[in-house]
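Chemist: This is data00.pdb, which holds PDB, N, CA and C atoms:
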```
ATOM      1  N   MET A   1     -88.797  78.797 -71.488
ATOM      2  CA  MET A   1     -89.113  77.504 -72.025
ATOM      3  C   MET A   1     -87.887  77.000 -72.800
ATOM      4  N   LYS A   2     -87.679  75.694 -72.757
ATOM      5  CA  LYS A   2     -86.506  75.155 -73.438
ATOM      6  C   LYS A   2     -86.871  74.600 -74.810
ATOM      7  N   ILE A   3     -85.855  74.406 -75.637
ATOM      8  CA  ILE A   3     -86.044  73.864 -76.975
ATOM      9  C   ILE A   3     -86.009  72.345 -76.885
ATOM     10  N   GLY A   4     -86.977  71.688 -77.483
ATOM     11  CA  GLY A   4     -87.057  70.239 -77.460
ATOM     12  C   GLY A   4     -86.106  69.594 -78.451
ATOM     13  N   THR A   5     -86.121  68.281 -78.472
ATOM     14  CA  THR A   5     -85.301  67.515 -79.407
ATOM     15  C   THR A   5     -86.204  66.577 -80.191
ATOM     16  N   TRP A   6     -85.720  66.152 -81.359
ATOM     17  CA  TRP A   6     -86.479  65.183 -82.133
ATOM     18  C   TRP A   6     -86.483  63.860 -81.400
ATOM     19  N   LEU A   7     -87.566  63.168 -81.480
ATOM     20  CA  LEU A   7     -87.703  61.866 -80.857
ATOM     21  C   LEU A   7     -87.222  60.807 -81.843
ATOM     22  N   MET A   8     -86.299  59.980 -81.412
ATOM     23  CA  MET A   8     -85.763  58.924 -82.268
ATOM     24  C   MET A   8     -86.278  57.583 -81.800
ATOM     25  N   PRO A   9     -86.609  56.647 -82.622
ATOM     26  CA  PRO A   9     -86.550  56.704 -84.085
ATOM     27  C   PRO A   9     -87.625  57.630 -84.628
ATOM     28  N   ARG A  10     -87.411  58.098 -85.829
ATOM     29  CA  ARG A  10     -88.366  59.040 -86.414
ATOM     30  C   ARG A  10     -89.664  58.316 -86.761
ATOM     31  N   TYR A  11     -90.741  58.805 -86.200
ATOM     32  CA  TYR A  11     -92.068  58.263 -86.498
ATOM     33  C   TYR A  11     -92.597  58.976 -87.735
ATOM     34  N   THR A  12     -93.009  58.213 -88.727
ATOM     35  CA  THR A  12     -93.483  58.813 -89.970
ATOM     36  C   THR A  12     -94.973  59.118 -89.933
ATOM     37  N   ASP A  13     -95.662  58.566 -88.960
ATOM     38  CA  ASP A  13     -97.103  58.753 -88.890
ATOM     39  C   ASP A  13     -97.510  59.043 -87.448
ATOM     40  N   ARG A  14     -98.430  59.938 -87.274
ATOM     41  CA  ARG A  14     -98.863  60.302 -85.921
ATOM     42  C   ARG A  14     -99.552  59.143 -85.211
ATOM     43  N   SER A  15    -100.266  58.314 -85.957
ATOM     44  CA  SER A  15    -100.971  57.189 -85.330
ATOM     45  C   SER A  15     -99.988  56.181 -84.727
ATOM     46  N   VAL A  16     -98.854  55.968 -85.354
ATOM     47  CA  VAL A  16     -97.825  55.069 -84.807
ATOM     48  C   VAL A  16     -97.222  55.675 -83.538
ATOM     49  N   PHE A  17     -96.971  56.981 -83.572
ATOM     50  CA  PHE A  17     -96.452  57.679 -82.388
ATOM     51  C   PHE A  17     -97.434  57.563 -81.225
ATOM     52  N   GLU A  18     -98.711  57.782 -81.471
ATOM     53  CA  GLU A  18     -99.712  57.716 -80.411
ATOM     54  C   GLU A  18     -99.903  56.294 -79.895
ATOM     55  N   LYS A  19     -99.635  55.297 -80.725
ATOM     56  CA  LYS A  19     -99.705  53.908 -80.276
ATOM     57  C   LYS A  19     -98.554  53.589 -79.323
ATOM     58  N   ASP A  20     -97.340  54.063 -79.630
ATOM     59  CA  ASP A  20     -96.184  53.835 -78.767
ATOM     60  C   ASP A  20     -96.238  54.691 -77.503
ATOM     61  N   PHE A  21     -96.789  55.873 -77.606
ATOM     62  CA  PHE A  21     -96.934  56.780 -76.467
ATOM     63  C   PHE A  21     -98.423  56.858 -76.130
ATOM     64  N   ALA A  22     -98.931  55.774 -75.583
ATOM     65  CA  ALA A  22    -100.373  55.616 -75.400
ATOM     66  C   ALA A  22    -100.943  56.370 -74.192
ATOM     67  N   LEU A  23    -100.140  56.610 -73.176
ATOM     68  CA  LEU A  23    -100.651  57.254 -71.968
ATOM     69  C   LEU A  23    -100.731  58.764 -72.163
ATOM     70  N   VAL A  24    -101.843  59.343 -71.765
ATOM     71  CA  VAL A  24    -102.024  60.790 -71.859
ATOM     72  C   VAL A  24    -101.610  61.406 -70.533
ATOM     73  N   ASP A  25    -100.727  62.402 -70.601
ATOM     74  CA  ASP A  25    -100.224  63.076 -69.409
ATOM     75  C   ASP A  25    -100.958  64.410 -69.253
ATOM     76  N   MET A  26    -101.732  64.550 -68.188
ATOM     77  CA  MET A  26    -102.503  65.774 -67.975
ATOM     78  C   MET A  26    -101.630  66.947 -67.533
ATOM     79  N   ASN A  27    -100.516  66.665 -66.863
ATOM     80  CA  ASN A  27     -99.594  67.709 -66.413
ATOM     81  C   ASN A  27     -98.457  67.867 -67.414
ATOM     82  N   ALA A  28     -98.807  68.098 -68.670
ATOM     83  CA  ALA A  28     -97.823  68.150 -69.743
ATOM     84  C   ALA A  28     -97.034  69.451 -69.716
ATOM     85  N   MET A  29     -95.735  69.318 -69.989
ATOM     86  CA  MET A  29     -94.913  70.517 -70.121
ATOM     87  C   MET A  29     -94.868  70.924 -71.586
ATOM     88  N   GLU A  30     -94.407  72.136 -71.844
ATOM     89  CA  GLU A  30     -94.334  72.638 -73.203
ATOM     90  C   GLU A  30     -92.898  72.993 -73.538
ATOM     91  N   VAL A  31     -92.495  72.699 -74.779
ATOM     92  CA  VAL A  31     -91.167  73.038 -75.283
ATOM     93  C   VAL A  31     -91.334  73.638 -76.674
ATOM     94  N   TYR A  32     -90.254  74.243 -77.176
ATOM     95  CA  TYR A  32     -90.253  74.740 -78.543
ATOM     96  C   TYR A  32     -89.803  73.632 -79.482
ATOM     97  N   CYS A  33     -90.404  73.564 -80.652
ATOM     98  CA  CYS A  33     -89.977  72.626 -81.683
ATOM     99  C   CYS A  33     -88.574  73.014 -82.134
ATOM    100  N   PRO A  34     -87.663  72.039 -82.313
ATOM    101  CA  PRO A  34     -86.301  72.381 -82.715
ATOM    102  C   PRO A  34     -86.197  72.977 -84.117
ATOM    103  N   ALA A  35     -87.171  72.770 -84.976
ATOM    104  CA  ALA A  35     -87.084  73.289 -86.348
ATOM    105  C   ALA A  35     -87.856  74.592 -86.530
ATOM    106  N   CYS A  36     -89.152  74.561 -86.267
ATOM    107  CA  CYS A  36     -89.994  75.721 -86.572
ATOM    108  C   CYS A  36     -90.230  76.637 -85.370
ATOM    109  N   LYS A  37     -89.781  76.225 -84.198
ATOM    110  CA  LYS A  37     -89.898  77.003 -82.955
ATOM    111  C   LYS A  37     -91.329  77.208 -82.489
ATOM    112  N   ALA A  38     -92.248  76.371 -82.961
ATOM    113  CA  ALA A  38     -93.630  76.404 -82.476
ATOM    114  C   ALA A  38     -93.681  75.747 -81.096
ATOM    115  N   ILE A  39     -94.648  76.116 -80.297
ATOM    116  CA  ILE A  39     -94.803  75.525 -78.971
ATOM    117  C   ILE A  39     -95.464  74.157 -79.118
ATOM    118  N   VAL A  40     -94.801  73.131 -78.551
ATOM    119  CA  VAL A  40     -95.308  71.762 -78.618
ATOM    120  C   VAL A  40     -95.599  71.305 -77.196
ATOM    121  N   ARG A  41     -96.801  70.830 -76.973
ATOM    122  CA  ARG A  41     -97.211  70.320 -75.660
ATOM    123  C   ARG A  41     -96.863  68.843 -75.590
ATOM    124  N   LEU A  42     -96.064  68.469 -74.608
ATOM    125  CA  LEU A  42     -95.629  67.083 -74.446
ATOM    126  C   LEU A  42     -96.668  66.346 -73.610
ATOM    127  N   GLY A  43     -97.754  65.957 -74.248
ATOM    128  CA  GLY A  43     -98.895  65.381 -73.560
ATOM    129  C   GLY A  43     -99.001  63.873 -73.652
ATOM    130  N   ARG A  44     -97.985  63.205 -74.179
ATOM    131  CA  ARG A  44     -98.010  61.743 -74.307
ATOM    132  C   ARG A  44     -96.862  61.133 -73.532
ATOM    133  N   LYS A  45     -97.088  59.936 -72.996
ATOM    134  CA  LYS A  45     -96.061  59.252 -72.220
ATOM    135  C   LYS A  45     -95.998  57.791 -72.645
ATOM    136  N   SER A  46     -94.782  57.276 -72.768
ATOM    137  CA  SER A  46     -94.587  55.881 -73.135
ATOM    138  C   SER A  46     -94.735  55.003 -71.900
ATOM    139  N   ALA A  47     -95.482  53.929 -72.035
ATOM    140  CA  ALA A  47     -95.682  53.018 -70.909
ATOM    141  C   ALA A  47     -94.430  52.199 -70.630
ATOM    142  N   HIS A  48     -93.629  51.949 -71.646
ATOM    143  CA  HIS A  48     -92.455  51.093 -71.494
ATOM    144  C   HIS A  48     -91.228  51.847 -70.997
ATOM    145  N   THR A  49     -90.957  53.021 -71.561
ATOM    146  CA  THR A  49     -89.731  53.748 -71.222
ATOM    147  C   THR A  49     -89.956  54.901 -70.251
ATOM    148  N   GLY A  50     -91.172  55.390 -70.148
ATOM    149  CA  GLY A  50     -91.447  56.515 -69.273
ATOM    150  C   GLY A  50     -91.124  57.859 -69.900
ATOM    151  N   LYS A  51     -90.703  57.889 -71.175
ATOM    152  CA  LYS A  51     -90.400  59.143 -71.856
ATOM    153  C   LYS A  51     -91.688  59.890 -72.176
ATOM    154  N   ILE A  52     -91.570  61.209 -72.241
ATOM    155  CA  ILE A  52     -92.704  62.024 -72.640
ATOM    156  C   ILE A  52     -92.425  62.594 -74.025
ATOM    157  N   GLY A  53     -93.483  62.826 -74.766
ATOM    158  CA  GLY A  53     -93.323  63.356 -76.109
ATOM    159  C   GLY A  53     -94.581  64.056 -76.575
ATOM    160  N   GLY A  54     -94.420  64.766 -77.665
ATOM    161  CA  GLY A  54     -95.529  65.469 -78.279
ATOM    162  C   GLY A  54     -95.334  65.510 -79.776
ATOM    163  N   TRP A  55     -96.320  65.986 -80.493
ATOM    164  CA  TRP A  55     -96.281  66.002 -81.946
ATOM    165  C   TRP A  55     -96.333  67.434 -82.444
ATOM    166  N   CYS A  56     -95.343  67.818 -83.258
ATOM    167  CA  CYS A  56     -95.345  69.140 -83.889
ATOM    168  C   CYS A  56     -96.201  69.055 -85.144
ATOM    169  N   VAL A  57     -97.265  69.813 -85.182
ATOM    170  CA  VAL A  57     -98.206  69.758 -86.296
ATOM    171  C   VAL A  57     -97.575  70.349 -87.558
ATOM    172  N   LYS A  58     -96.802  71.411 -87.412
ATOM    173  CA  LYS A  58     -96.199  72.063 -88.587
ATOM    174  C   LYS A  58     -95.161  71.174 -89.258
ATOM    175  N   CYS A  59     -94.309  70.523 -88.462
ATOM    176  CA  CYS A  59     -93.218  69.705 -89.013
ATOM    177  C   CYS A  59     -93.617  68.240 -89.209
ATOM    178  N   SER A  60     -94.715  67.811 -88.619
ATOM    179  CA  SER A  60     -95.172  66.416 -88.642
ATOM    180  C   SER A  60     -94.102  65.463 -88.125
ATOM    181  N   ARG A  61     -93.526  65.843 -86.987
ATOM    182  CA  ARG A  61     -92.521  65.012 -86.337
ATOM    183  C   ARG A  61     -92.722  65.038 -84.827
ATOM    184  N   PRO A  62     -92.322  63.963 -84.148
ATOM    185  CA  PRO A  62     -92.450  63.927 -82.689
ATOM    186  C   PRO A  62     -91.311  64.678 -82.022
ATOM    187  N   VAL A  63     -91.627  65.300 -80.889
ATOM    188  CA  VAL A  63     -90.655  66.093 -80.128
ATOM    189  C   VAL A  63     -90.640  65.578 -78.701
ATOM    190  N   ALA A  64     -89.453  65.521 -78.094
ATOM    191  CA  ALA A  64     -89.291  65.107 -76.714
ATOM    192  C   ALA A  64     -88.601  66.238 -75.944
ATOM    193  N   ALA A  65     -88.564  66.084 -74.626
ATOM    194  CA  ALA A  65     -87.931  67.108 -73.781
ATOM    195  C   ALA A  65     -86.431  67.013 -73.835
TER     196      ALA A  65
END
```
The structure given in the file should be rewritten as structure tokens.
Modeler:
Amino acid sequence: MKIGTWLMPRYTDRSVFEKDFALVDMNAMEVYCPACKAIVRLGRKSAHTGKIGGWCVKCSRPVAA
């Protein structure tokens, strides 16, 4: 498994992140969080850019592939 990267711009709230990444991806891949090395499931997809992302619960920050 590869190490993910922080998603920029930094989202300060999970609800804002979920609003921007509104589509749920059922075939989500998993990466390690760049800070705490926890496994983060990239289960969200942006409708505008096509990027995938997930939320690290421990760090409270979004992670991308």
Chemist: Based on DSSP run over this structure's backbone, return all residues of chain A in alpha helix (DSSP H), as a PyMOL selection string.
Modeler: chain A and resi 14-20
Chemist: Fewer than 4 positions away in the same chain doesn't count, so skip those; otherwise give me all residues within 8 Å of Ile3 of chain A, counting only N, CA and C atoms, as number ranges by chain.
Modeler: A: 30-34, 37, 64-65
Chemist: Starting from the PyMOL selection byres ((chain A and resi 45-49) around 7), expand the selection into actual residues of this file and give them as an mmCIF file with N, CA and C atoms, in the coordinates of the input.
Modeler:
```
data_model
loop_
_atom_site.group_PDB
_atom_site.id
_atom_site.type_symbol
_atom_site.label_atom_id
_atom_site.label_comp_id
_atom_site.auth_asym_id
_atom_site.auth_seq_id
_atom_site.Cartn_x
_atom_site.Cartn_y
_atom_site.Cartn_z
ATOM 1 N N ASP A 20 -97.340 54.063 -79.630
ATOM 2 C CA ASP A 20 -96.184 53.835 -78.767
ATOM 3 C C ASP A 20 -96.238 54.691 -77.503
ATOM 4 N N PHE A 21 -96.789 55.873 -77.606
ATOM 5 C CA PHE A 21 -96.934 56.780 -76.467
ATOM 6 C C PHE A 21 -98.423 56.858 -76.130
ATOM 7 N N ALA A 22 -98.931 55.774 -75.583
ATOM 8 C CA ALA A 22 -100.373 55.616 -75.400
ATOM 9 C C ALA A 22 -100.943 56.370 -74.192
ATOM 10 N N LEU A 23 -100.140 56.610 -73.176
ATOM 11 C CA LEU A 23 -100.651 57.254 -71.968
ATOM 12 C C LEU A 23 -100.731 58.764 -72.163
ATOM 13 N N VAL A 24 -101.843 59.343 -71.765
ATOM 14 C CA VAL A 24 -102.024 60.790 -71.859
ATOM 15 C C VAL A 24 -101.610 61.406 -70.533
ATOM 16 N N ASP A 25 -100.727 62.402 -70.601
ATOM 17 C CA ASP A 25 -100.224 63.076 -69.409
ATOM 18 C C ASP A 25 -100.958 64.410 -69.253
ATOM 19 N N LEU A 42 -96.064 68.469 -74.608
ATOM 20 C CA LEU A 42 -95.629 67.083 -74.446
ATOM 21 C C LEU A 42 -96.668 66.346 -73.610
ATOM 22 N N GLY A 43 -97.754 65.957 -74.248
ATOM 23 C CA GLY A 43 -98.895 65.381 -73.560
ATOM 24 C C GLY A 43 -99.001 63.873 -73.652
ATOM 25 N N ARG A 44 -97.985 63.205 -74.179
ATOM 26 C CA ARG A 44 -98.010 61.743 -74.307
ATOM 27 C C ARG A 44 -96.862 61.133 -73.532
ATOM 28 N N GLY A 50 -91.172 55.390 -70.148
ATOM 29 C CA GLY A 50 -91.447 56.515 -69.273
ATOM 30 C C GLY A 50 -91.124 57.859 -69.900
ATOM 31 N N LYS A 51 -90.703 57.889 -71.175
ATOM 32 C CA LYS A 51 -90.400 59.143 -71.856
ATOM 33 C C LYS A 51 -91.688 59.890 -72.176
ATOM 34 N N ILE A 52 -91.570 61.209 -72.241
ATOM 35 C CA ILE A 52 -92.704 62.024 -72.640
ATOM 36 C C ILE A 52 -92.425 62.594 -74.025
ATOM 37 N N GLY A 53 -93.483 62.826 -74.766
ATOM 38 C CA GLY A 53 -93.323 63.356 -76.109
ATOM 39 C C GLY A 53 -94.581 64.056 -76.575
#
```
Chemist: Which residues, written as a PDB file with N, CA and C atoms, keeping the file's coordinate frame, have at least one atom at most 8 Å from Thr12 of chain A, with all atoms listed in the file counted and residues fewer than 2 positions away on the same chain left out?
Modeler:
```
ATOM      1  N   PRO A   9     -86.609  56.647 -82.622  1.00  0.00           N
ATOM      2  CA  PRO A   9     -86.550  56.704 -84.085  1.00  0.00           C
ATOM      3  C   PRO A   9     -87.625  57.630 -84.628  1.00  0.00           C
ATOM      4  N   ARG A  10     -87.411  58.098 -85.829  1.00  0.00           N
ATOM      5  CA  ARG A  10     -88.366  59.040 -86.414  1.00  0.00           C
ATOM      6  C   ARG A  10     -89.664  58.316 -86.761  1.00  0.00           C
ATOM      7  N   ARG A  14     -98.430  59.938 -87.274  1.00  0.00           N
ATOM      8  CA  ARG A  14     -98.863  60.302 -85.921  1.00  0.00           C
ATOM      9  C   ARG A  14     -99.552  59.143 -85.211  1.00  0.00           C
ATOM     10  N   SER A  15    -100.266  58.314 -85.957  1.00  0.00           N
ATOM     11  CA  SER A  15    -100.971  57.189 -85.330  1.00  0.00           C
ATOM     12  C   SER A  15     -99.988  56.181 -84.727  1.00  0.00           C
ATOM     13  N   VAL A  16     -98.854  55.968 -85.354  1.00  0.00           N
ATOM     14  CA  VAL A  16     -97.825  55.069 -84.807  1.00  0.00           C
ATOM     15  C   VAL A  16     -97.222  55.675 -83.538  1.00  0.00           C
ATOM     16  N   PHE A  17     -96.971  56.981 -83.572  1.00  0.00           N
ATOM     17  CA  PHE A  17     -96.452  57.679 -82.388  1.00  0.00           C
ATOM     18  C   PHE A  17     -97.434  57.563 -81.225  1.00  0.00           C
ATOM     19  N   SER A  60     -94.715  67.811 -88.619  1.00  0.00           N
ATOM     20  CA  SER A  60     -95.172  66.416 -88.642  1.00  0.00           C
ATOM     21  C   SER A  60     -94.102  65.463 -88.125  1.00  0.00           C
ATOM     22  N   ARG A  61     -93.526  65.843 -86.987  1.00  0.00           N
ATOM     23  CA  ARG A  61     -92.521  65.012 -86.337  1.00  0.00           C
ATOM     24  C   ARG A  61     -92.722  65.038 -84.827  1.00  0.00           C
ATOM     25  N   PRO A  62     -92.322  63.963 -84.148  1.00  0.00           N
ATOM     26  CA  PRO A  62     -92.450  63.927 -82.689  1.00  0.00           C
ATOM     27  C   PRO A  62     -91.311  64.678 -82.022  1.00  0.00           C
TER      28      PRO A  62
END
```
Chemist: So for segment 34-52 of chain A, what box centre and size do we get, axis-aligned, 5 Å extra on each of the six sides, every listed atom, Å to one decimal, as JSON?
Modeler:
```
{"center_x": -92.6, "center_y": 64.2, "center_z": -77.9, "size_x": 22.8, "size_y": 36.1, "size_z": 27.3}
```
Chemist: Atom N of Lys58 of chain A and atom CA of Asn27 of chain A, how far apart in Å?
Modeler: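 About the pair atom CA of Asn27 of chain A and atom N of Lys58 of chain A: they are 21.5 Å apart.
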Chemist: Could you please fill out segment 1-12 of chain A with all heavy atoms and send it back as a PDB file, keeping the file's coordinate frame?
Modeler:
```pdb
ATOM      1  N   MET A   1     -88.797  78.797 -71.488  1.00  0.00           N
ATOM      2  CA  MET A   1     -89.113  77.504 -72.025  1.00  0.00           C
ATOM      3  C   MET A   1     -87.887  77.000 -72.800  1.00  0.00           C
ATOM      4  O   MET A   1     -87.182  77.770 -73.430  1.00  0.00           O
ATOM      5  CB  MET A   1     -90.312  77.643 -72.964  1.00  0.00           C
ATOM      6  CG  MET A   1     -91.087  76.394 -73.070  1.00  0.00           C
ATOM      7  SD  MET A   1     -92.635  76.467 -74.020  1.00  0.00           S
ATOM      8  CE  MET A   1     -93.127  78.119 -74.087  1.00  0.00           C
ATOM      9  N   LYS A   2     -87.679  75.694 -72.757  1.00  0.00           N
ATOM     10  CA  LYS A   2     -86.506  75.155 -73.438  1.00  0.00           C
ATOM     11  C   LYS A   2     -86.871  74.600 -74.810  1.00  0.00           C
ATOM     12  O   LYS A   2     -88.030  74.336 -75.103  1.00  0.00           O
ATOM     13  CB  LYS A   2     -85.834  74.112 -72.558  1.00  0.00           C
ATOM     14  CG  LYS A   2     -86.373  72.728 -72.597  1.00  0.00           C
ATOM     15  CD  LYS A   2     -85.631  71.833 -71.625  1.00  0.00           C
ATOM     16  CE  LYS A   2     -85.401  70.479 -72.206  1.00  0.00           C
ATOM     17  NZ  LYS A   2     -84.807  69.531 -71.291  1.00  0.00           N
ATOM     18  N   ILE A   3     -85.855  74.406 -75.637  1.00  0.00           N
ATOM     19  CA  ILE A   3     -86.044  73.864 -76.975  1.00  0.00           C
ATOM     20  C   ILE A   3     -86.009  72.345 -76.885  1.00  0.00           C
ATOM     21  O   ILE A   3     -85.119  71.768 -76.273  1.00  0.00           O
ATOM     22  CB  ILE A   3     -84.954  74.378 -77.932  1.00  0.00           C
ATOM     23  CG1 ILE A   3     -85.082  75.883 -78.080  1.00  0.00           C
ATOM     24  CG2 ILE A   3     -85.064  73.698 -79.290  1.00  0.00           C
ATOM     25  CD1 ILE A   3     -84.010  76.517 -78.918  1.00  0.00           C
ATOM     26  N   GLY A   4     -86.977  71.688 -77.483  1.00  0.00           N
ATOM     27  CA  GLY A   4     -87.057  70.239 -77.460  1.00  0.00           C
ATOM     28  C   GLY A   4     -86.106  69.594 -78.451  1.00  0.00           C
ATOM     29  O   GLY A   4     -85.378  70.270 -79.185  1.00  0.00           O
ATOM     30  N   THR A   5     -86.121  68.281 -78.472  1.00  0.00           N
ATOM     31  CA  THR A   5     -85.301  67.515 -79.407  1.00  0.00           C
ATOM     32  C   THR A   5     -86.204  66.577 -80.191  1.00  0.00           C
ATOM     33  O   THR A   5     -87.301  66.235 -79.753  1.00  0.00           O
ATOM     34  CB  THR A   5     -84.240  66.678 -78.665  1.00  0.00           C
ATOM     35  OG1 THR A   5     -84.898  65.806 -77.746  1.00  0.00           O
ATOM     36  CG2 THR A   5     -83.275  67.566 -77.910  1.00  0.00           C
ATOM     37  N   TRP A   6     -85.720  66.152 -81.359  1.00  0.00           N
ATOM     38  CA  TRP A   6     -86.479  65.183 -82.133  1.00  0.00           C
ATOM     39  C   TRP A   6     -86.483  63.860 -81.400  1.00  0.00           C
ATOM     40  O   TRP A   6     -85.507  63.467 -80.789  1.00  0.00           O
ATOM     41  CB  TRP A   6     -85.868  64.967 -83.508  1.00  0.00           C
ATOM     42  CG  TRP A   6     -85.899  66.149 -84.417  1.00  0.00           C
ATOM     43  CD1 TRP A   6     -84.827  66.686 -85.054  1.00  0.00           C
ATOM     44  CD2 TRP A   6     -87.018  66.940 -84.821  1.00  0.00           C
ATOM     45  NE1 TRP A   6     -85.213  67.749 -85.812  1.00  0.00           N
ATOM     46  CE2 TRP A   6     -86.557  67.928 -85.689  1.00  0.00           C
ATOM     47  CE3 TRP A   6     -88.369  66.900 -84.515  1.00  0.00           C
ATOM     48  CZ2 TRP A   6     -87.398  68.863 -86.277  1.00  0.00           C
ATOM     49  CZ3 TRP A   6     -89.205  67.837 -85.095  1.00  0.00           C
ATOM     50  CH2 TRP A   6     -88.719  68.803 -85.955  1.00  0.00           C
ATOM     51  N   LEU A   7     -87.566  63.168 -81.480  1.00  0.00           N
ATOM     52  CA  LEU A   7     -87.703  61.866 -80.857  1.00  0.00           C
ATOM     53  C   LEU A   7     -87.222  60.807 -81.843  1.00  0.00           C
ATOM     54  O   LEU A   7     -87.650  60.769 -82.989  1.00  0.00           O
ATOM     55  CB  LEU A   7     -89.161  61.625 -80.486  1.00  0.00           C
ATOM     56  CG  LEU A   7     -89.477  60.448 -79.597  1.00  0.00           C
ATOM     57  CD1 LEU A   7     -88.776  60.585 -78.247  1.00  0.00           C
ATOM     58  CD2 LEU A   7     -90.967  60.359 -79.370  1.00  0.00           C
ATOM     59  N   MET A   8     -86.299  59.980 -81.412  1.00  0.00           N
ATOM     60  CA  MET A   8     -85.763  58.924 -82.268  1.00  0.00           C
ATOM     61  C   MET A   8     -86.278  57.583 -81.800  1.00  0.00           C
ATOM     62  O   MET A   8     -86.359  57.354 -80.606  1.00  0.00           O
ATOM     63  CB  MET A   8     -84.235  58.919 -82.231  1.00  0.00           C
ATOM     64  CG  MET A   8     -83.622  60.152 -82.791  1.00  0.00           C
ATOM     65  SD  MET A   8     -84.017  60.257 -84.525  1.00  0.00           S
ATOM     66  CE  MET A   8     -83.521  61.914 -84.889  1.00  0.00           C
ATOM     67  N   PRO A   9     -86.609  56.647 -82.622  1.00  0.00           N
ATOM     68  CA  PRO A   9     -86.550  56.704 -84.085  1.00  0.00           C
ATOM     69  C   PRO A   9     -87.625  57.630 -84.628  1.00  0.00           C
ATOM     70  O   PRO A   9     -88.629  57.885 -83.972  1.00  0.00           O
ATOM     71  CB  PRO A   9     -86.836  55.262 -84.511  1.00  0.00           C
ATOM     72  CG  PRO A   9     -87.689  54.723 -83.418  1.00  0.00           C
ATOM     73  CD  PRO A   9     -87.195  55.394 -82.155  1.00  0.00           C
ATOM     74  N   ARG A  10     -87.411  58.098 -85.829  1.00  0.00           N
ATOM     75  CA  ARG A  10     -88.366  59.040 -86.414  1.00  0.00           C
ATOM     76  C   ARG A  10     -89.664  58.316 -86.761  1.00  0.00           C
ATOM     77  O   ARG A  10     -89.670  57.350 -87.492  1.00  0.00           O
ATOM     78  CB  ARG A  10     -87.792  59.681 -87.667  1.00  0.00           C
ATOM     79  CG  ARG A  10     -88.763  60.662 -88.257  1.00  0.00           C
ATOM     80  CD  ARG A  10     -88.204  61.384 -89.434  1.00  0.00           C
ATOM     81  NE  ARG A  10     -89.242  62.280 -89.930  1.00  0.00           N
ATOM     82  CZ  ARG A  10     -89.194  62.877 -91.075  1.00  0.00           C
ATOM     83  NH1 ARG A  10     -88.174  62.708 -91.860  1.00  0.00           N
ATOM     84  NH2 ARG A  10     -90.166  63.662 -91.454  1.00  0.00           N
ATOM     85  N   TYR A  11     -90.741  58.805 -86.200  1.00  0.00           N
ATOM     86  CA  TYR A  11     -92.068  58.263 -86.498  1.00  0.00           C
ATOM     87  C   TYR A  11     -92.597  58.976 -87.735  1.00  0.00           C
ATOM     88  O   TYR A  11     -92.624  60.196 -87.787  1.00  0.00           O
ATOM     89  CB  TYR A  11     -93.014  58.487 -85.319  1.00  0.00           C
ATOM     90  CG  TYR A  11     -92.641  57.694 -84.094  1.00  0.00           C
ATOM     91  CD1 TYR A  11     -91.810  58.220 -83.125  1.00  0.00           C
ATOM     92  CD2 TYR A  11     -93.105  56.398 -83.937  1.00  0.00           C
ATOM     93  CE1 TYR A  11     -91.462  57.483 -82.009  1.00  0.00           C
ATOM     94  CE2 TYR A  11     -92.767  55.656 -82.825  1.00  0.00           C
ATOM     95  CZ  TYR A  11     -91.944  56.203 -81.861  1.00  0.00           C
ATOM     96  OH  TYR A  11     -91.605  55.471 -80.762  1.00  0.00           O
ATOM     97  N   THR A  12     -93.009  58.213 -88.727  1.00  0.00           N
ATOM     98  CA  THR A  12     -93.483  58.813 -89.970  1.00  0.00           C
ATOM     99  C   THR A  12     -94.973  59.118 -89.933  1.00  0.00           C
ATOM    100  O   THR A  12     -95.458  59.858 -90.767  1.00  0.00           O
ATOM    101  CB  THR A  12     -93.205  57.867 -91.155  1.00  0.00           C
ATOM    102  OG1 THR A  12     -93.807  56.607 -90.886  1.00  0.00           O
ATOM    103  CG2 THR A  12     -91.715  57.696 -91.358  1.00  0.00           C
TER     104      THR A  12
END
```
